[in-house]
file query-v4.txt (compact mmCIF, C-alpha atoms)
# COMPACT_ATOMS: atom_id res chain seq x y z
CA MET A 6 137.67 42.50 39.46
CA LYS A 7 135.58 39.39 39.00
CA ILE A 8 132.90 38.65 41.51
CA GLU A 9 130.74 35.58 41.93
CA THR A 10 126.99 35.91 42.24
CA SER A 11 124.56 33.08 42.74
CA ARG A 12 121.88 34.65 40.55
CA PHE A 13 123.81 36.29 37.74
CA GLY A 14 126.92 34.12 37.55
CA GLN A 15 130.35 35.66 37.41
CA ILE A 16 130.45 39.39 36.83
CA ASP A 17 133.46 41.43 35.88
CA ILE A 18 133.32 44.92 37.30
CA GLU A 19 135.65 47.86 37.65
CA ASP A 20 136.91 48.51 41.13
CA ASP A 21 135.51 52.03 41.18
CA LYS A 22 131.99 50.62 40.82
CA ILE A 23 132.14 49.14 44.29
CA ILE A 24 129.90 50.84 46.82
CA THR A 25 130.96 50.68 50.44
CA LEU A 26 128.34 50.45 53.16
CA PRO A 27 130.52 50.81 56.24
CA ASP A 28 127.62 49.66 58.44
CA GLY A 29 126.35 47.02 56.04
CA MET A 30 122.71 46.20 55.44
CA LEU A 31 120.80 45.65 58.69
CA GLY A 32 120.93 42.01 59.66
CA PHE A 33 123.69 41.14 57.20
CA THR A 34 127.44 41.18 57.21
CA GLY A 35 129.51 42.44 54.32
CA THR A 36 130.21 46.04 53.47
CA ARG A 37 130.92 46.00 49.73
CA PHE A 38 128.18 46.03 47.13
CA ILE A 39 127.72 46.82 43.47
CA LEU A 40 124.66 48.32 41.86
CA LEU A 41 123.64 46.42 38.75
CA THR A 42 121.32 47.89 36.15
CA PRO A 43 119.44 45.54 33.86
CA GLU A 44 119.59 45.94 30.10
CA LYS A 45 115.88 46.13 29.53
CA PRO A 46 113.99 49.13 30.87
CA THR A 47 112.61 48.42 34.32
CA PRO A 48 112.65 50.41 37.54
CA PHE A 49 114.46 47.57 39.27
CA ARG A 50 118.16 47.45 39.95
CA TRP A 51 120.15 45.06 42.08
CA LEU A 52 122.38 45.73 45.00
CA GLN A 53 124.67 42.73 44.85
CA SER A 54 127.06 41.88 47.66
CA VAL A 55 130.67 41.55 46.60
CA ASP A 56 131.45 39.48 49.66
CA ASP A 57 128.53 37.05 49.58
CA PRO A 58 127.50 35.64 46.18
CA ALA A 59 124.02 34.74 47.44
CA LEU A 60 123.23 38.15 48.88
CA ALA A 61 121.49 40.63 46.61
CA PHE A 62 118.67 43.09 47.07
CA VAL A 63 116.29 44.32 44.44
CA VAL A 64 116.12 48.09 44.73
CA VAL A 65 114.42 51.00 43.03
CA ASP A 66 115.48 54.60 42.81
CA ALA A 67 113.06 56.50 45.05
CA GLN A 68 113.10 59.52 42.81
CA GLN A 69 111.91 57.43 39.92
CA VAL A 70 109.06 55.60 41.64
CA LEU A 71 108.07 57.93 44.50
CA PRO A 72 109.22 61.45 43.60
CA ASP A 73 107.75 62.90 46.81
CA TYR A 74 109.67 60.59 49.10
CA ALA A 75 112.32 62.46 51.03
CA VAL A 76 114.71 61.61 53.84
CA SER A 77 116.40 64.11 56.09
CA LEU A 78 119.82 63.04 57.24
CA THR A 79 121.37 63.64 60.62
CA SER A 80 124.73 65.37 60.83
CA GLU A 81 126.23 62.06 61.84
CA GLU A 82 124.90 60.40 58.70
CA TYR A 83 125.99 63.36 56.62
CA THR A 84 129.53 62.86 57.85
CA ARG A 85 129.37 59.10 57.51
CA LEU A 86 128.44 59.48 53.85
CA ALA A 87 131.14 62.13 53.28
CA LEU A 88 128.52 64.47 51.86
CA ASP A 89 128.99 68.09 50.98
CA GLU A 90 126.52 70.69 49.82
CA LYS A 91 127.01 69.95 46.15
CA THR A 92 126.38 66.24 46.37
CA GLU A 93 123.01 64.92 45.34
CA VAL A 94 122.31 61.68 47.09
CA VAL A 95 120.58 58.74 45.49
CA ILE A 96 117.92 57.11 47.62
CA LEU A 97 117.39 53.44 46.97
CA LEU A 98 114.37 51.64 48.32
CA VAL A 99 114.69 47.95 49.06
CA VAL A 100 112.06 45.91 47.26
CA THR A 101 110.41 42.82 48.68
CA LEU A 102 109.25 40.71 45.76
CA ALA A 103 106.35 38.36 45.53
CA GLY A 104 105.58 37.22 48.99
CA GLU A 105 102.73 34.78 49.25
CA SER A 106 100.26 37.53 48.45
CA GLY A 107 102.10 38.19 45.24
CA SER A 108 102.59 41.79 46.22
CA ILE A 109 105.63 43.85 45.44
CA THR A 110 106.48 46.26 48.20
CA VAL A 111 109.19 48.78 48.95
CA ASN A 112 110.61 49.50 52.38
CA LEU A 113 110.13 53.18 53.12
CA GLN A 114 111.36 52.81 56.69
CA GLY A 115 114.85 51.61 55.79
CA PRO A 116 116.07 53.45 52.69
CA VAL A 117 119.63 53.10 51.45
CA VAL A 118 121.19 56.50 50.93
CA LEU A 119 124.05 56.62 48.43
CA ASN A 120 126.66 59.27 47.85
CA PRO A 121 127.38 58.52 44.20
CA ASN A 122 130.51 60.65 44.11
CA ARG A 123 132.23 58.84 46.93
CA MET A 124 130.47 55.49 46.40
CA LEU A 125 129.49 55.42 50.05
CA ALA A 126 126.09 54.31 51.24
CA LYS A 127 124.19 53.66 54.41
CA GLN A 128 120.88 52.08 55.28
CA ILE A 129 118.96 54.52 57.44
CA VAL A 130 116.16 53.60 59.83
CA LEU A 131 113.38 56.17 60.05
CA GLU A 132 111.15 56.47 63.10
CA GLY A 133 107.43 56.87 62.82
CA ASN A 134 104.34 55.43 61.21
CA ARG A 135 104.63 57.53 58.10
CA PHE A 136 107.17 55.12 56.72
CA PRO A 137 105.84 51.59 56.27
CA THR A 138 108.26 48.73 55.67
CA LYS A 139 105.79 47.31 53.14
CA PHE A 140 104.55 50.00 50.81
CA PRO A 141 102.88 48.59 47.68
CA LEU A 142 104.97 49.63 44.72
CA PHE A 143 102.25 49.49 42.12
CA GLY A 144 99.24 50.18 44.29
CA THR A 145 97.39 47.38 46.01
CA ASP A 146 94.91 46.71 43.23
CA THR A 147 97.23 46.39 40.30
CA VAL A 148 98.84 43.28 41.66
CA ASP A 149 96.73 40.41 40.45
CA LYS A 150 98.14 36.95 40.73
CA ASN A 151 96.21 35.57 37.80
CA SER A 152 96.73 38.21 35.20
CA GLY A 153 99.93 39.81 36.40
CA ALA A 154 102.45 37.06 36.12
CA CYS A 155 101.95 36.46 32.41
CA CYS A 156 103.46 39.40 30.61
CA SER A 157 104.62 39.33 27.09
CA ARG A 158 108.12 40.53 26.61
CA MET B 8 125.72 46.03 80.06
CA LEU B 9 125.58 48.77 82.64
CA VAL B 10 122.53 48.42 84.85
CA LEU B 11 121.32 51.35 86.95
CA THR B 12 118.37 51.80 89.26
CA ARG B 13 116.42 55.04 88.90
CA LYS B 14 113.44 56.40 90.73
CA MET B 15 110.55 58.33 89.27
CA GLY B 16 111.77 61.70 88.02
CA GLU B 17 115.44 60.75 88.09
CA THR B 18 117.71 61.06 85.11
CA ILE B 19 120.58 59.29 83.42
CA THR B 20 123.02 61.28 81.34
CA ILE B 21 125.02 59.74 78.53
CA GLY B 22 127.96 61.82 77.43
CA ASP B 23 127.44 65.55 77.36
CA GLN B 24 124.37 65.69 75.22
CA ILE B 25 121.98 62.90 76.08
CA ARG B 26 119.67 62.85 79.09
CA ILE B 27 117.06 60.19 79.76
CA LYS B 28 114.51 60.85 82.46
CA VAL B 29 111.94 58.53 84.02
CA VAL B 30 108.74 60.49 83.45
CA GLU B 31 106.06 58.01 84.43
CA MET B 32 105.76 54.51 85.79
CA LYS B 33 102.56 52.57 85.45
CA GLY B 34 102.29 48.80 85.92
CA ASN B 35 104.95 47.24 83.72
CA GLN B 36 105.38 50.36 81.59
CA VAL B 37 107.93 53.09 81.97
CA ARG B 38 107.70 56.39 80.12
CA LEU B 39 111.01 57.96 79.36
CA GLY B 40 111.78 61.52 78.40
CA ILE B 41 114.80 61.81 76.16
CA GLU B 42 116.83 64.92 75.53
CA ALA B 43 119.34 64.60 72.74
CA PRO B 44 120.79 66.70 69.91
CA GLY B 45 118.00 67.64 67.54
CA ASP B 46 118.93 65.52 64.59
CA MET B 47 119.94 62.35 66.41
CA ARG B 48 117.94 59.28 65.44
CA ILE B 49 116.10 57.80 68.38
CA TYR B 50 113.72 54.93 67.86
CA ARG B 51 112.11 52.01 69.55
CA GLU B 52 114.18 48.91 68.97
CA GLU B 53 111.21 47.16 67.34
CA ILE B 54 111.50 49.48 64.36
CA TYR B 55 115.12 48.62 63.90
CA LEU B 56 114.26 44.93 64.11
CA LYS B 57 111.38 45.41 61.67
CA VAL B 58 113.71 46.86 59.07
CA GLN B 59 116.16 44.06 59.72
CA LYS B 60 113.41 41.48 59.21
CA GLU B 61 112.21 43.20 56.05
CA ASN B 62 115.78 43.08 54.72
CA GLN B 63 115.82 39.37 55.33
CA MET B 64 112.57 38.93 53.39
CA ALA B 65 113.79 41.23 50.64
CA ALA B 66 117.02 39.27 50.23
CA ASN B 67 115.08 36.08 49.65
CA TRP B 68 114.12 36.43 46.00
CA SER B 69 114.58 34.42 42.85
CA LEU B 70 114.97 35.36 39.22
CA ASP B 71 111.41 34.09 38.65
CA ASP B 72 110.09 36.60 41.19
CA LEU B 73 111.98 39.27 39.35
CA GLU B 74 110.55 38.26 35.96
CA ASN B 75 107.09 38.61 37.45
CA ALA B 76 107.92 41.96 38.98
CA VAL B 77 109.32 43.29 35.73
CA GLY B 78 106.09 42.17 34.12
CA PHE B 79 104.06 44.13 36.67
CA ALA B 80 106.20 47.18 36.17
CA GLY B 81 105.78 46.94 32.42
CA ALA B 82 102.04 46.46 32.71
CA GLY B 83 101.81 49.50 34.97
CA LYS B 84 103.20 51.76 32.28
CA GLU B 85 100.67 50.81 29.63
call {"tool": "encode", "arguments": {"input": "query-v4.txt", "output": "structure tokens"}}
result
Amino acid sequence: MKIETSRFGQIDIEDDKIITLPDGMLGFTGTRFILLTPEKPTPFRWLQSVDDPALAFVVVDAQQVLPDYAVSLTSEEYTRLALDEKTEVVILLVVTLAGESGSITVNLQGPVVLNPNRMLAKQIVLEGNRFPTKFPLFGTDTVDKNSGACCSR
Amino acid sequence: MLVLTRKMGETITIGDQIRIKVVEMKGNQVRLGIEAPGDMRIYREEIYLKVQKENQMAANWSLDDLENAVGFAGAGKE
């Protein structure tokens, strides 16, 4: 099916690539998303809404950027995601790009847990101070407004 | 919304598995003791709202921001 996106134009995707988030992303409506992977190597992927062309989140695979990050699911969530013992979930962290400080942060408090076999996902909210909503992705000191934005490609 | 009045030490039960007890009252603060199945997620509403707000910030990005971010990521690997 063809879907409209405000950032990437029209995209043609196979129906089985659609991820359903029955509970949506917190604060947003729409339950169908696709995960887009860029051509050039970068940790960033995009969770694009199928229902709202303007809605997309930049995400990273937690395993890739923070291998120690782990989430324990409740039995309710386990059922909601149609998980079984064999399924390995994918944990996506939502990235907040370039606020005024120029920092790039990931939200450790609200990870999106994906069952890749069933294409079902859910944003989970974790209690506690161990999980900041703004965790610097590249360490606080590496983000330098003056030198960082240049980048030869 | 169901509104109930409880005194110090009294409890509300929700379904078969959830009990909420008034443990302490001090000024405008109430301490609640919550008994619920072990793996149920219980959190202060602020945390939920914080994640919601962070989602809103996260959704507000442009392709320029992304270019910059990809640059940072690339620089980090060198």
call {"tool": "axis_aligned_box", "arguments": {"input": "query-v4.txt", "around": "stretch 74-86 of chain A", "padding_each_side": "5 Å", "output": "JSON"}}
result
{"center_x": 119.6, "center_y": 62.2, "center_z": 55.5, "size_x": 29.9, "size_y": 16.3, "size_z": 22.7}
call {"tool": "residues_around", "arguments": {"input": "query-v4.txt", "residues": "stretch 24-34 of chain B", "least_positions_apart": "6", "cutoff": "10 Å", "atoms": "only C-alpha atoms", "output": "list of chain:residue names"}}
result
B:Arg13, B:Lys14, B:Met15, B:Gly16, B:Glu17, B:Thr18, B:Gly40, B:Ile41, B:Glu42, B:Ala43, B:Pro44, B:Met47
call {"tool": "interface_residues", "arguments": {"input": "query-v4.txt", "of": "chain B", "to": "chain A", "cutoff": "10 Å", "atoms": "only C-alpha atoms", "output": "ChimeraX atom specification"}}
result
/B:44-51,54-83
call {"tool": "atom_distance", "arguments": {"input": "query-v4.txt", "atom1": "atom CA of A:Asp89", "atom2": "atom CA of A:Arg123"}}
result
10.6 Å
call {"tool": "atom_distance", "arguments": {"input": "query-v4.txt", "atom1": "atom CA of A:Leu98", "atom2": "atom CA of A:Glu19"}}
result
24.1 Å
call {"tool": "atom_distance", "arguments": {"input": "query-v4.txt", "atom1": "atom CA of A:Leu26", "atom2": "atom CA of A:Leu40"}}
result
12.1 Å
call {"tool": "residues_around", "arguments": {"input": "query-v4.txt", "residues": "A:Glu9", "least_positions_apart": "2", "cutoff": "12 Å", "atoms": "only C-alpha atoms", "output": "list in words"}}
result
Met6, Lys7, Ser11, Arg12, Phe13, Gly14, Gln15, Ile16, Asp17, Ile18, Phe38, Ile39, Gln53, Ser54, Val55, Asp56, Asp57, Pro58, Ala59, Leu60 and Ala61 of chain A
call {"tool": "build_atoms", "arguments": {"input": "query-v4.txt", "residues": "stretch 132-143 of chain A", "atoms": "all heavy atoms", "output": "CSV table (one decimal), in the coordinates of the input"}}
result
chain,number,residue,atom,x,y,z
A,132,GLU,N,112.2,56.7,62.0
A,132,GLU,CA,111.2,56.5,63.1
A,132,GLU,C,109.8,57.0,62.6
A,132,GLU,O,109.7,57.9,61.8
A,132,GLU,CB,111.6,57.2,64.4
A,132,GLU,CG,110.6,57.4,65.4
A,132,GLU,CD,110.2,56.1,66.2
A,132,GLU,OE1,109.5,55.3,65.6
A,132,GLU,OE2,110.6,56.0,67.3
A,133,GLY,N,108.8,56.3,63.1
A,133,GLY,CA,107.4,56.9,62.8
A,133,GLY,C,106.6,56.0,61.9
A,133,GLY,O,107.1,55.2,61.1
A,134,ASN,N,105.3,56.2,62.0
A,134,ASN,CA,104.3,55.4,61.2
A,134,ASN,C,104.2,55.9,59.8
A,134,ASN,O,103.5,55.2,59.0
A,134,ASN,CB,103.0,55.5,61.9
A,134,ASN,CG,103.0,54.9,63.3
A,134,ASN,OD1,103.8,54.0,63.5
A,134,ASN,ND2,102.2,55.4,64.2
A,135,ARG,N,104.8,57.0,59.5
A,135,ARG,CA,104.6,57.5,58.1
A,135,ARG,C,105.4,56.7,57.1
A,135,ARG,O,105.2,56.8,55.9
A,135,ARG,CB,105.2,59.0,58.0
A,135,ARG,CG,104.3,60.0,58.7
A,135,ARG,CD,104.9,61.4,58.5
A,135,ARG,NE,106.2,61.5,59.1
A,135,ARG,CZ,107.2,62.1,58.5
A,135,ARG,NH1,107.1,62.7,57.4
A,135,ARG,NH2,108.4,62.2,59.2
A,136,PHE,N,106.3,55.9,57.6
A,136,PHE,CA,107.2,55.1,56.7
A,136,PHE,C,107.0,53.6,56.9
A,136,PHE,O,107.7,53.0,57.7
A,136,PHE,CB,108.6,55.5,57.0
A,136,PHE,CG,108.9,56.9,56.9
A,136,PHE,CD1,109.1,57.7,58.0
A,136,PHE,CD2,109.0,57.5,55.6
A,136,PHE,CE1,109.4,59.1,57.9
A,136,PHE,CE2,109.3,58.9,55.5
A,136,PHE,CZ,109.5,59.6,56.6
A,137,PRO,N,106.0,53.0,56.1
A,137,PRO,CA,105.8,51.6,56.3
A,137,PRO,C,107.0,50.8,55.7
A,137,PRO,O,107.7,51.3,54.8
A,137,PRO,CB,104.6,51.3,55.4
A,137,PRO,CG,104.5,52.5,54.5
A,137,PRO,CD,105.2,53.7,55.2
A,138,THR,N,107.2,49.6,56.3
A,138,THR,CA,108.3,48.7,55.7
A,138,THR,C,107.7,48.0,54.4
A,138,THR,O,108.5,47.5,53.6
A,138,THR,CB,108.7,47.7,56.7
A,138,THR,OG1,107.6,47.1,57.3
A,138,THR,CG2,109.6,48.3,57.7
A,139,LYS,N,106.4,48.0,54.3
A,139,LYS,CA,105.8,47.3,53.1
A,139,LYS,C,104.9,48.3,52.4
A,139,LYS,O,103.7,48.3,52.7
A,139,LYS,CB,105.0,46.1,53.6
A,139,LYS,CG,105.9,44.9,54.0
A,139,LYS,CD,105.0,43.7,54.2
A,139,LYS,CE,105.9,42.5,54.8
A,139,LYS,NZ,106.8,42.0,53.8
A,140,PHE,N,105.4,49.1,51.6
A,140,PHE,CA,104.6,50.0,50.8
A,140,PHE,C,104.4,49.4,49.4
A,140,PHE,O,105.3,49.1,48.7
A,140,PHE,CB,105.3,51.4,50.8
A,140,PHE,CG,104.5,52.4,50.0
A,140,PHE,CD1,103.4,53.1,50.7
A,140,PHE,CD2,104.7,52.7,48.7
A,140,PHE,CE1,102.7,54.1,50.0
A,140,PHE,CE2,104.0,53.7,48.0
A,140,PHE,CZ,103.0,54.3,48.7
A,141,PRO,N,103.1,49.2,49.0
A,141,PRO,CA,102.9,48.6,47.7
A,141,PRO,C,103.5,49.5,46.6
A,141,PRO,O,103.1,50.6,46.5
A,141,PRO,CB,101.4,48.5,47.6
A,141,PRO,CG,100.8,48.7,49.0
A,141,PRO,CD,101.9,49.6,49.7
A,142,LEU,N,104.3,48.9,45.7
A,142,LEU,CA,105.0,49.6,44.7
A,142,LEU,C,104.0,50.0,43.6
A,142,LEU,O,104.2,51.1,43.0
A,142,LEU,CB,106.2,48.8,44.2
A,142,LEU,CG,107.1,49.5,43.2
A,142,LEU,CD1,107.6,50.8,43.8
A,142,LEU,CD2,108.3,48.6,42.8
A,143,PHE,N,103.1,49.2,43.2
A,143,PHE,CA,102.2,49.5,42.1
A,143,PHE,C,100.8,49.7,42.5
A,143,PHE,O,99.9,49.5,41.8
A,143,PHE,CB,102.3,48.4,41.1
A,143,PHE,CG,103.7,48.2,40.6
A,143,PHE,CD1,104.3,46.9,40.7
A,143,PHE,CD2,104.4,49.2,39.9
A,143,PHE,CE1,105.6,46.7,40.3
A,143,PHE,CE2,105.7,49.0,39.5
A,143,PHE,CZ,106.3,47.8,39.7
